[in-house]
file model_25.txt (compact mmCIF, C-alpha atoms and all ligand atoms)
# COMPACT_ATOMS: atom_id res chain seq x y z
CA MET A 1 -65.89 41.39 -37.09
CA GLY A 2 -68.91 43.12 -35.43
CA ARG A 3 -71.22 41.67 -32.78
CA ALA A 4 -75.03 41.63 -32.84
CA ALA A 5 -76.87 39.76 -30.06
CA GLY A 6 -74.14 37.13 -29.68
CA VAL A 7 -73.84 36.66 -33.44
CA GLN A 8 -70.61 37.68 -35.12
CA ILE A 9 -71.01 39.63 -38.34
CA ILE A 10 -68.28 39.79 -40.97
CA ARG A 11 -68.60 42.63 -43.50
CA TRP A 12 -66.18 43.16 -46.34
CA CYS A 13 -66.42 44.99 -49.66
CA GLY A 14 -70.23 45.00 -49.70
CA GLU A 15 -70.59 41.34 -48.65
CA GLU A 16 -71.78 40.14 -45.28
CA ALA A 17 -71.89 36.88 -43.31
CA ARG A 18 -73.13 35.76 -39.89
CA THR A 19 -71.11 33.39 -37.79
CA THR A 20 -72.09 31.55 -34.61
CA PRO A 21 -70.31 28.83 -32.64
CA TRP A 22 -71.47 25.43 -33.93
CA ARG A 23 -73.86 24.00 -31.35
CA GLY A 24 -72.00 25.48 -28.40
CA ASP A 25 -68.57 24.32 -29.61
CA CYS A 26 -66.43 27.47 -29.38
CA SER A 27 -63.68 26.06 -31.61
CA THR A 28 -66.02 25.55 -34.59
CA ALA A 29 -67.91 28.33 -36.36
CA LEU A 30 -71.00 28.05 -38.54
CA LEU A 31 -70.67 30.49 -41.45
CA SER A 32 -73.84 31.80 -43.11
CA PRO A 33 -73.25 34.42 -45.78
CA VAL A 34 -76.18 36.78 -46.29
CA ALA A 35 -77.67 35.60 -49.57
CA GLY A 36 -76.83 37.65 -52.63
CA ALA A 37 -77.96 36.91 -56.16
CA SER A 38 -74.63 35.33 -57.11
CA GLY A 39 -73.63 33.82 -53.75
CA PRO A 40 -70.51 34.77 -51.79
CA SER A 41 -67.31 35.56 -53.72
CA ILE A 42 -64.20 33.40 -53.26
CA ALA A 43 -62.33 36.49 -52.01
CA PHE A 44 -65.00 37.13 -49.36
CA LEU A 45 -64.96 33.49 -48.21
CA SER A 46 -61.15 33.61 -47.92
CA ARG A 47 -61.51 36.78 -45.88
CA CYS A 48 -64.03 35.05 -43.59
CA LEU A 49 -61.61 32.13 -43.05
CA ASP A 50 -58.84 34.58 -42.09
CA GLU A 51 -61.09 36.48 -39.68
CA LEU A 52 -62.41 33.32 -38.04
CA ALA A 53 -58.87 31.96 -37.62
CA ALA A 54 -57.81 35.28 -36.08
CA HIS A 55 -60.70 34.91 -33.58
CA GLY A 56 -59.41 31.52 -32.45
CA PHE A 57 -61.72 29.15 -34.38
CA SER A 58 -60.01 26.01 -35.65
CA LYS A 59 -62.79 24.85 -37.98
CA VAL A 60 -65.64 26.38 -39.96
CA LEU A 61 -68.82 24.71 -41.24
CA THR A 62 -71.50 25.76 -43.71
CA SER A 63 -75.20 25.00 -43.58
CA ALA A 64 -76.43 22.44 -46.15
CA LEU A 65 -75.59 23.69 -49.65
CA GLY A 66 -76.74 22.53 -53.08
CA PRO A 67 -74.21 21.56 -55.78
CA LEU A 68 -74.09 24.99 -57.47
CA GLU A 69 -73.91 26.89 -54.18
CA GLN A 70 -70.85 24.85 -53.19
CA THR A 71 -68.59 26.09 -56.03
CA PRO A 72 -67.13 29.25 -54.43
CA TYR A 73 -66.64 27.42 -51.12
CA MET A 74 -64.73 24.56 -52.75
CA ARG A 75 -62.56 27.11 -54.56
CA ALA A 76 -61.91 28.87 -51.25
CA GLY A 77 -60.63 25.60 -49.74
CA PHE A 78 -63.74 23.99 -48.18
CA ARG A 79 -64.27 20.21 -48.34
CA VAL A 80 -67.35 18.00 -47.97
CA GLU A 81 -68.02 17.24 -44.27
CA GLU A 82 -71.36 15.37 -44.60
CA ARG A 83 -73.42 14.36 -47.62
CA LEU A 84 -77.16 14.74 -47.12
CA VAL A 85 -80.22 13.48 -48.90
CA VAL A 86 -83.48 15.44 -49.05
CA LEU A 87 -86.68 13.38 -49.06
CA SER A 88 -90.19 14.65 -49.67
CA ARG A 89 -93.78 13.46 -49.82
CA GLY A 90 -97.23 14.91 -50.37
CA LEU A 91 -99.73 15.07 -47.52
CA ALA A 92 -102.96 14.03 -49.18
CA HIS A 93 -102.84 10.39 -48.07
CA LEU A 94 -101.36 9.39 -44.74
CA PRO A 95 -101.15 5.91 -43.21
CA PRO A 96 -102.82 5.33 -39.85
CA PRO A 97 -100.58 5.76 -36.77
CA PRO A 98 -98.98 2.54 -35.45
CA ARG A 99 -99.95 1.02 -32.13
CA THR A 100 -97.31 1.88 -29.53
CA PRO A 101 -98.54 0.23 -26.31
CA GLY A 102 -97.25 1.94 -23.16
CA ILE A 103 -96.11 5.06 -25.03
CA CYS A 104 -98.11 8.24 -25.48
CA LEU A 105 -97.34 11.42 -27.39
CA ARG A 106 -97.88 14.84 -25.91
CA ARG A 107 -96.76 18.43 -26.36
CA GLY A 108 -93.15 19.13 -25.38
CA ARG A 109 -92.76 21.48 -22.41
CA ARG A 110 -89.94 23.59 -21.07
CA ALA A 111 -89.54 21.09 -18.21
CA ASP A 112 -88.90 18.30 -20.78
CA ARG A 113 -85.85 20.01 -22.24
CA ALA A 114 -83.22 18.19 -20.20
CA GLN A 115 -84.70 14.76 -20.97
CA VAL A 116 -85.19 15.64 -24.63
CA LEU A 117 -81.57 16.75 -24.93
CA ALA A 118 -80.44 13.55 -23.19
CA VAL A 119 -82.33 11.47 -25.79
CA ASP A 120 -80.88 13.65 -28.56
CA HIS A 121 -77.40 13.07 -27.13
CA LEU A 122 -77.85 9.28 -27.22
CA ALA A 123 -79.44 9.31 -30.67
CA PHE A 124 -76.95 11.43 -32.61
CA SER A 125 -73.20 11.44 -33.12
CA GLU A 126 -71.35 14.38 -31.60
CA PHE A 127 -71.42 16.41 -34.82
CA TRP A 128 -75.22 16.44 -35.01
CA ARG A 129 -76.15 16.70 -31.32
CA LEU A 130 -78.26 19.63 -30.18
CA ASP A 131 -77.72 21.73 -27.08
CA GLN A 132 -80.32 24.05 -25.46
CA ARG A 133 -79.67 26.72 -28.04
CA GLY A 134 -79.83 24.29 -30.97
CA LEU A 135 -83.18 22.95 -29.75
CA GLY A 136 -84.46 26.53 -29.50
CA GLU A 137 -83.23 27.20 -33.03
CA ALA A 138 -84.95 24.08 -34.37
CA LEU A 139 -88.21 25.23 -32.76
CA ALA A 140 -87.83 28.76 -34.13
CA ALA A 141 -86.56 27.83 -37.61
CA THR A 142 -90.03 28.11 -39.19
CA PRO A 143 -92.95 30.49 -38.55
CA ARG A 144 -94.92 27.65 -36.90
CA SER A 145 -93.60 24.54 -35.21
CA ARG A 146 -94.86 21.52 -33.33
CA TRP A 147 -92.79 19.87 -30.62
CA ARG A 148 -94.00 16.46 -29.46
CA VAL A 149 -92.46 14.09 -26.97
CA ALA A 150 -93.07 10.34 -26.69
CA VAL A 151 -93.43 9.41 -23.04
CA SER A 152 -93.39 5.99 -21.35
CA GLY A 153 -95.97 4.94 -18.76
CA THR A 154 -93.60 6.12 -16.01
CA GLY A 155 -93.39 9.60 -17.55
CA VAL A 156 -89.90 9.21 -19.05
CA VAL A 157 -89.24 10.90 -22.41
CA VAL A 158 -88.19 8.19 -24.89
CA GLY A 159 -88.33 10.21 -28.12
CA TYR A 160 -89.18 13.56 -29.60
CA ALA A 161 -89.88 15.32 -32.87
CA VAL A 162 -89.91 18.91 -34.07
CA THR A 163 -91.97 19.61 -37.16
CA GLY A 164 -92.00 23.04 -38.80
CA ARG A 165 -94.40 24.77 -41.16
CA ALA A 166 -93.85 27.69 -43.51
CA GLY A 167 -96.86 28.36 -45.72
CA ARG A 168 -97.78 25.19 -47.63
CA ARG A 169 -94.47 23.52 -46.84
CA GLY A 170 -93.64 21.36 -43.87
CA PHE A 171 -90.26 20.30 -42.56
CA LEU A 172 -89.34 17.44 -40.26
CA GLN A 173 -86.73 19.38 -38.32
CA ARG A 174 -85.72 16.83 -35.75
CA LEU A 175 -86.52 13.25 -34.80
CA ALA A 176 -84.85 11.07 -32.18
CA VAL A 177 -85.79 7.93 -30.27
CA HIS A 178 -83.90 6.57 -27.27
CA PRO A 179 -81.85 3.54 -28.44
CA ALA A 180 -83.55 1.29 -25.85
CA HIS A 181 -86.99 2.11 -27.28
CA ARG A 182 -86.36 1.72 -31.00
CA GLY A 183 -88.09 -0.69 -33.34
CA ARG A 184 -91.45 -0.30 -31.56
CA GLY A 185 -93.04 2.28 -33.85
CA VAL A 186 -92.18 5.37 -31.74
CA GLY A 187 -90.30 7.09 -34.61
CA THR A 188 -93.17 6.33 -37.02
CA ALA A 189 -95.76 7.61 -34.53
CA LEU A 190 -93.83 10.88 -34.05
CA VAL A 191 -93.40 11.43 -37.80
CA LEU A 192 -97.08 10.69 -38.55
CA ASP A 193 -98.17 13.02 -35.76
CA GLY A 194 -96.16 15.81 -37.45
CA LEU A 195 -97.56 14.94 -40.88
CA ARG A 196 -101.17 15.02 -39.60
CA TRP A 197 -100.53 18.41 -37.99
CA LEU A 198 -99.14 19.73 -41.28
CA ARG A 199 -102.13 18.44 -43.22
CA ARG A 200 -104.53 19.99 -40.70
CA TRP A 201 -102.96 23.36 -41.52
CA GLN A 202 -103.23 22.82 -45.30
CA ALA A 203 -99.57 22.11 -45.94
CA GLU A 204 -99.14 20.24 -49.21
CA GLN A 205 -95.63 18.88 -49.05
CA VAL A 206 -93.16 17.89 -46.36
CA LEU A 207 -89.38 17.75 -46.62
CA VAL A 208 -86.73 16.15 -44.46
CA ASN A 209 -83.01 15.82 -44.85
CA THR A 210 -80.70 13.26 -43.34
CA GLN A 211 -77.17 11.94 -43.78
CA VAL A 212 -76.66 9.70 -46.83
CA GLY A 213 -75.49 6.88 -44.53
CA ASN A 214 -78.34 7.10 -42.00
CA SER A 215 -79.93 3.84 -43.13
CA GLY A 216 -82.38 3.59 -40.20
CA ALA A 217 -83.89 7.02 -40.80
CA LEU A 218 -83.91 6.51 -44.58
CA ALA A 219 -85.75 3.19 -44.18
CA LEU A 220 -88.28 4.83 -41.87
CA TYR A 221 -88.93 7.77 -44.23
CA GLU A 222 -89.08 5.67 -47.39
CA GLY A 223 -91.39 3.22 -45.61
CA LEU A 224 -93.69 6.17 -44.92
CA GLY A 225 -93.80 7.15 -48.59
CA PHE A 226 -91.04 9.77 -48.74
CA HIS A 227 -89.07 9.89 -51.99
CA PRO A 228 -85.38 10.82 -52.07
CA GLY A 229 -84.51 13.86 -54.20
CA PRO A 230 -81.42 14.30 -56.37
CA PRO A 231 -78.09 13.88 -54.56
CA GLY A 232 -75.60 16.68 -54.06
CA LEU A 233 -76.66 18.50 -50.88
CA SER A 234 -73.70 18.73 -48.47
CA VAL A 235 -72.42 20.43 -45.37
CA LEU A 236 -68.90 21.75 -46.12
CA SER A 237 -66.06 22.47 -43.73
CA ALA A 238 -62.62 24.03 -43.69
CA GLY A 239 -59.84 23.69 -41.14
CA LEU A 240 -58.33 26.96 -39.88
CA SER A 241 -54.78 27.49 -38.76
CA PRO A 242 -54.06 30.28 -36.29
C1 LIG B 301 -84.52 6.79 -37.03
C2 LIG B 301 -85.21 6.58 -35.67
C3 LIG B 301 -85.93 7.85 -35.26
C4 LIG B 301 -86.22 5.43 -35.84
O1 LIG B 301 -86.96 5.32 -34.62
P1 LIG B 301 -87.78 3.97 -34.26
O2 LIG B 301 -88.69 4.28 -33.15
O3 LIG B 301 -86.84 2.84 -34.10
O4 LIG B 301 -88.58 3.76 -35.61
P2 LIG B 301 -89.80 2.74 -35.86
O5 LIG B 301 -89.80 1.67 -34.82
O6 LIG B 301 -91.02 3.54 -36.04
O7 LIG B 301 -89.34 2.09 -37.25
C5 LIG B 301 -90.11 2.20 -38.40
C6 LIG B 301 -89.42 1.57 -39.58
O8 LIG B 301 -88.21 2.28 -39.86
C7 LIG B 301 -87.22 1.35 -40.34
N1 LIG B 301 -86.10 1.39 -39.43
C8 LIG B 301 -86.00 2.08 -38.28
N2 LIG B 301 -84.76 1.92 -37.75
C9 LIG B 301 -84.08 1.10 -38.60
C10 LIG B 301 -82.76 0.61 -38.63
N3 LIG B 301 -81.86 0.89 -37.68
N4 LIG B 301 -82.39 -0.16 -39.68
C11 LIG B 301 -83.26 -0.45 -40.67
N5 LIG B 301 -84.54 0.00 -40.68
C12 LIG B 301 -84.93 0.78 -39.68
C13 LIG B 301 -87.88 -0.01 -40.37
O9 LIG B 301 -88.43 -0.16 -41.66
C14 LIG B 301 -88.98 0.14 -39.35
O10 LIG B 301 -90.07 -0.67 -39.59
P3 LIG B 301 -90.09 -2.18 -39.01
O11 LIG B 301 -89.77 -2.05 -37.53
O12 LIG B 301 -91.48 -2.63 -39.29
O13 LIG B 301 -89.03 -2.92 -39.75
C15 LIG B 301 -84.19 6.17 -34.59
O14 LIG B 301 -83.43 5.07 -35.06
C16 LIG B 301 -83.23 7.28 -34.18
O15 LIG B 301 -83.49 8.03 -33.25
N6 LIG B 301 -82.10 7.37 -34.90
C17 LIG B 301 -81.07 8.36 -34.57
C18 LIG B 301 -81.53 9.77 -34.86
C19 LIG B 301 -81.91 9.96 -36.31
O16 LIG B 301 -81.26 9.44 -37.22
N7 LIG B 301 -82.97 10.74 -36.53
C20 LIG B 301 -83.46 11.07 -37.84
C21 LIG B 301 -82.59 12.13 -38.41
S1 LIG B 301 -83.31 12.88 -39.80
call {"tool": "encode", "arguments": {"input": "model_25.txt", "output": "structure tokens", "more": "lines below"}}
Ligand SMILES: CC(C)(COP(=O)(O)OP(=O)(O)OC[C@H]1O[C@@H](n2cnc3c(N)ncnc32)[C@H](O)[C@@H]1OP(=O)(O)O)[C@@H](O)C(=O)NCCC(=O)NCCS
result
Amino acid sequence: MGRAAGVQIIRWCGEEARTTPWRGDCSTALLSPVAGASGPSIAFLSRCLDELAAHGFSKVLTSALGPLEQTPYMRAGFRVEERLVVLSRGLAHLPPPPRTPGICLRRGRRADRAQVLAVDHLAFSEFWRLDQRGLGEALAATPRSRWRVAVSGTGVVVGYAVTGRAGRRGFLQRLAVHPAHRGRGVGTALVLDGLRWLRRWQAEQVLVNTQVGNSGALALYEGLGFHPGPPGLSVLSAGLSP
């Protein structure tokens, strides 16, 4: 396993994969094979599991994979960790932003990071929480991104959103509202802010994915005109024994 800027690289018989600790958890690795036309081979994935176990990881995760992409992983011993649903909508017609008295939206700043991560921590279960690095990755995941925070009258961050843009496509990368401030339109205001930004830059479609069981987020997105796509997208995992 070779190292490149903190990223571990596994190379074997012409195939290659990147691995990084999952959101700062040094016992869990995120495995991202470098895309080839036919996807990673079962033999290569087995090799990756052996190498990661030898480096002390006890679990490995994939990024979100479509049904066909999952086949070699399942054959190499991976199982479904989380089922996701992808929702999308066009950007031609957007509803007006809701009234959110006492809350304003502004650009996220470096100094907001600690508060943003605290909100993220309260909003998500351990598996999905972001750390500093994960927030940086969400902001850098697309060529252009918009980071907005929702702030109370006393200057406290009560929610945030990261929206990304790549060409004509937009992505809602991250959305979280402090549990004590939910149900007041903050999530809707953050999403619509991102959608207006995307439309301003001529994006035509926006995508978001969330866990199949995340009924609050699904209700919010569907209420804003997003349509769920076909099922089958999943994050896979495999346990590793030393
Ligand atoms: C999803 C989330 C961002 C919603 O934030 P919010 O500020 O409460 O959202 P809003 O007040 O704008 O709600 C808008 C609509 O979404 C729906 N909704 C939001 N939360 C809901 C819940 N828990 N159950 C059912 N419907 C819900 C409702 O239709 C609501 O409209 P209504 O209040 O008129 O009924 C917030 O619950 C959260 O941070 N969840 C955890 C993190 C998360 O799941 N993020 C999205 C991951 S993709």
call {"tool": "closest_residue", "arguments": {"input": "model_25.txt", "among": "A:Trp147, A:Gly56, A:Leu94, A:Thr62", "to": "Arg110 of chain A", "atoms": "all atoms listed in the file"}}
result
A:Trp147
call {"tool": "residues_around", "arguments": {"input": "model_25.txt", "residues": "Leu84 of chain A", "least_positions_apart": "3", "cutoff": "7 Å", "atoms": "only C-alpha atoms", "output": "ChimeraX atom specification"}}
result
/A:209-212,233-234
call {"tool": "atom_distance", "arguments": {"input": "model_25.txt", "atom1": "atom CA of Ala217 of chain A", "atom2": "atom CA of Arg133 of chain A"}}
result
23.8 Å
call {"tool": "closest_residue", "arguments": {"input": "model_25.txt", "among": "A:Asp112, A:Glu137, A:Glu82, A:Asp193", "to": "Asn214 of chain A", "atoms": "only C-alpha atoms"}}
result
A:Glu82
call {"tool": "closest_residue", "arguments": {"input": "model_25.txt", "among": "A:Glu204, A:Glu51, A:Asp120, A:Asp131", "to": "ligand LIG 301 (chain B)", "atoms": "all atoms listed in the file"}}
result
A:Asp120
call {"tool": "residues_near_ligand", "arguments": {"input": "model_25.txt", "ligand": "ligand LIG 301 (chain B)", "cutoff": "8 Å", "atoms": "only C-alpha atoms and all ligand atoms", "output": "VMD selection string"}}
result
chain A and resid 120 123 to 124 159 172 to 179 181 to 189 208 to 211 214 to 221 223
call {"tool": "write_last_selection", "arguments": {"input": "model_25.txt", "atoms": "C-alpha atoms", "output": "PDB file, keeping the file's coordinate frame"}}
result
ATOM      1  CA  ASP A 120     -80.880  13.650 -28.560  1.00  0.00           C
ATOM      2  CA  ALA A 123     -79.440   9.310 -30.670  1.00  0.00           C
ATOM      3  CA  PHE A 124     -76.950  11.430 -32.610  1.00  0.00           C
ATOM      4  CA  GLY A 159     -88.330  10.210 -28.120  1.00  0.00           C
ATOM      5  CA  LEU A 172     -89.340  17.440 -40.260  1.00  0.00           C
ATOM      6  CA  GLN A 173     -86.730  19.380 -38.320  1.00  0.00           C
ATOM      7  CA  ARG A 174     -85.720  16.830 -35.750  1.00  0.00           C
ATOM      8  CA  LEU A 175     -86.520  13.250 -34.800  1.00  0.00           C
ATOM      9  CA  ALA A 176     -84.850  11.070 -32.180  1.00  0.00           C
ATOM     10  CA  VAL A 177     -85.790   7.930 -30.270  1.00  0.00           C
ATOM     11  CA  HIS A 178     -83.900   6.570 -27.270  1.00  0.00           C
ATOM     12  CA  PRO A 179     -81.850   3.540 -28.440  1.00  0.00           C
ATOM     13  CA  HIS A 181     -86.990   2.110 -27.280  1.00  0.00           C
ATOM     14  CA  ARG A 182     -86.360   1.720 -31.000  1.00  0.00           C
ATOM     15  CA  GLY A 183     -88.090  -0.690 -33.340  1.00  0.00           C
ATOM     16  CA  ARG A 184     -91.450  -0.300 -31.560  1.00  0.00           C
ATOM     17  CA  GLY A 185     -93.040   2.280 -33.850  1.00  0.00           C
ATOM     18  CA  VAL A 186     -92.180   5.370 -31.740  1.00  0.00           C
ATOM     19  CA  GLY A 187     -90.300   7.090 -34.610  1.00  0.00           C
ATOM     20  CA  THR A 188     -93.170   6.330 -37.020  1.00  0.00           C
ATOM     21  CA  ALA A 189     -95.760   7.610 -34.530  1.00  0.00           C
ATOM     22  CA  VAL A 208     -86.730  16.150 -44.460  1.00  0.00           C
ATOM     23  CA  ASN A 209     -83.010  15.820 -44.850  1.00  0.00           C
ATOM     24  CA  THR A 210     -80.700  13.260 -43.340  1.00  0.00           C
ATOM     25  CA  GLN A 211     -77.170  11.940 -43.780  1.00  0.00           C
ATOM     26  CA  ASN A 214     -78.340   7.100 -42.000  1.00  0.00           C
ATOM     27  CA  SER A 215     -79.930   3.840 -43.130  1.00  0.00           C
ATOM     28  CA  GLY A 216     -82.380   3.590 -40.200  1.00  0.00           C
ATOM     29  CA  ALA A 217     -83.890   7.020 -40.800  1.00  0.00           C
ATOM     30  CA  LEU A 218     -83.910   6.510 -44.580  1.00  0.00           C
ATOM     31  CA  ALA A 219     -85.750   3.190 -44.180  1.00  0.00           C
ATOM     32  CA  LEU A 220     -88.280   4.830 -41.870  1.00  0.00           C
ATOM     33  CA  TYR A 221     -88.930   7.770 -44.230  1.00  0.00           C
ATOM     34  CA  GLY A 223     -91.390   3.220 -45.610  1.00  0.00           C
TER      35      GLY A 223
END
call {"tool": "residues_around", "arguments": {"input": "model_25.txt", "residues": "Val162 of chain A", "least_positions_apart": "6", "cutoff": "12 Å", "atoms": "only C-alpha atoms", "output": "MDAnalysis selection string"}}
result
chainID A and resid 107:108 116 120 134:142 144:150 170:176 187 190:195 197:198 208
call {"tool": "closest_residue", "arguments": {"input": "model_25.txt", "among": "A:Arg11, A:Arg113, A:Arg79, A:Arg89", "to": "His227 of chain A", "atoms": "only C-alpha atoms"}}
result
A:Arg89
call {"tool": "closest_residue", "arguments": {"input": "model_25.txt", "among": "A:Thr163, A:Thr20, A:Thr100, A:Ser88", "to": "Leu52 of chain A", "atoms": "all atoms listed in the file"}}
result
A:Thr20
call {"tool": "closest_residue", "arguments": {"input": "model_25.txt", "among": "A:Ser152, A:Leu91, A:Leu30, A:Pro231", "to": "Arg169 of chain A", "atoms": "only C-alpha atoms"}}
result
A:Leu91
call {"tool": "residues_around", "arguments": {"input": "model_25.txt", "residues": "Ala54 of chain A", "least_positions_apart": "6", "cutoff": "10 Å", "atoms": "all atoms listed in the file", "output": "count of residues only"}}
result
4
call {"tool": "atom_distance", "arguments": {"input": "model_25.txt", "atom1": "atom CA of Phe127 of chain A", "atom2": "atom CA of Leu105 of chain A"}}
result
27.4 Å
call {"tool": "atom_distance", "arguments": {"input": "model_25.txt", "atom1": "atom CA of Arg18 of chain A", "atom2": "atom CA of Ser32 of chain A"}}
result
5.2 Å
call {"tool": "residues_around", "arguments": {"input": "model_25.txt", "residues": "segment 39-45 of chain A", "least_positions_apart": "6", "cutoff": "12 Å", "atoms": "all atoms listed in the file", "output": "count of residues only"}}
result
32
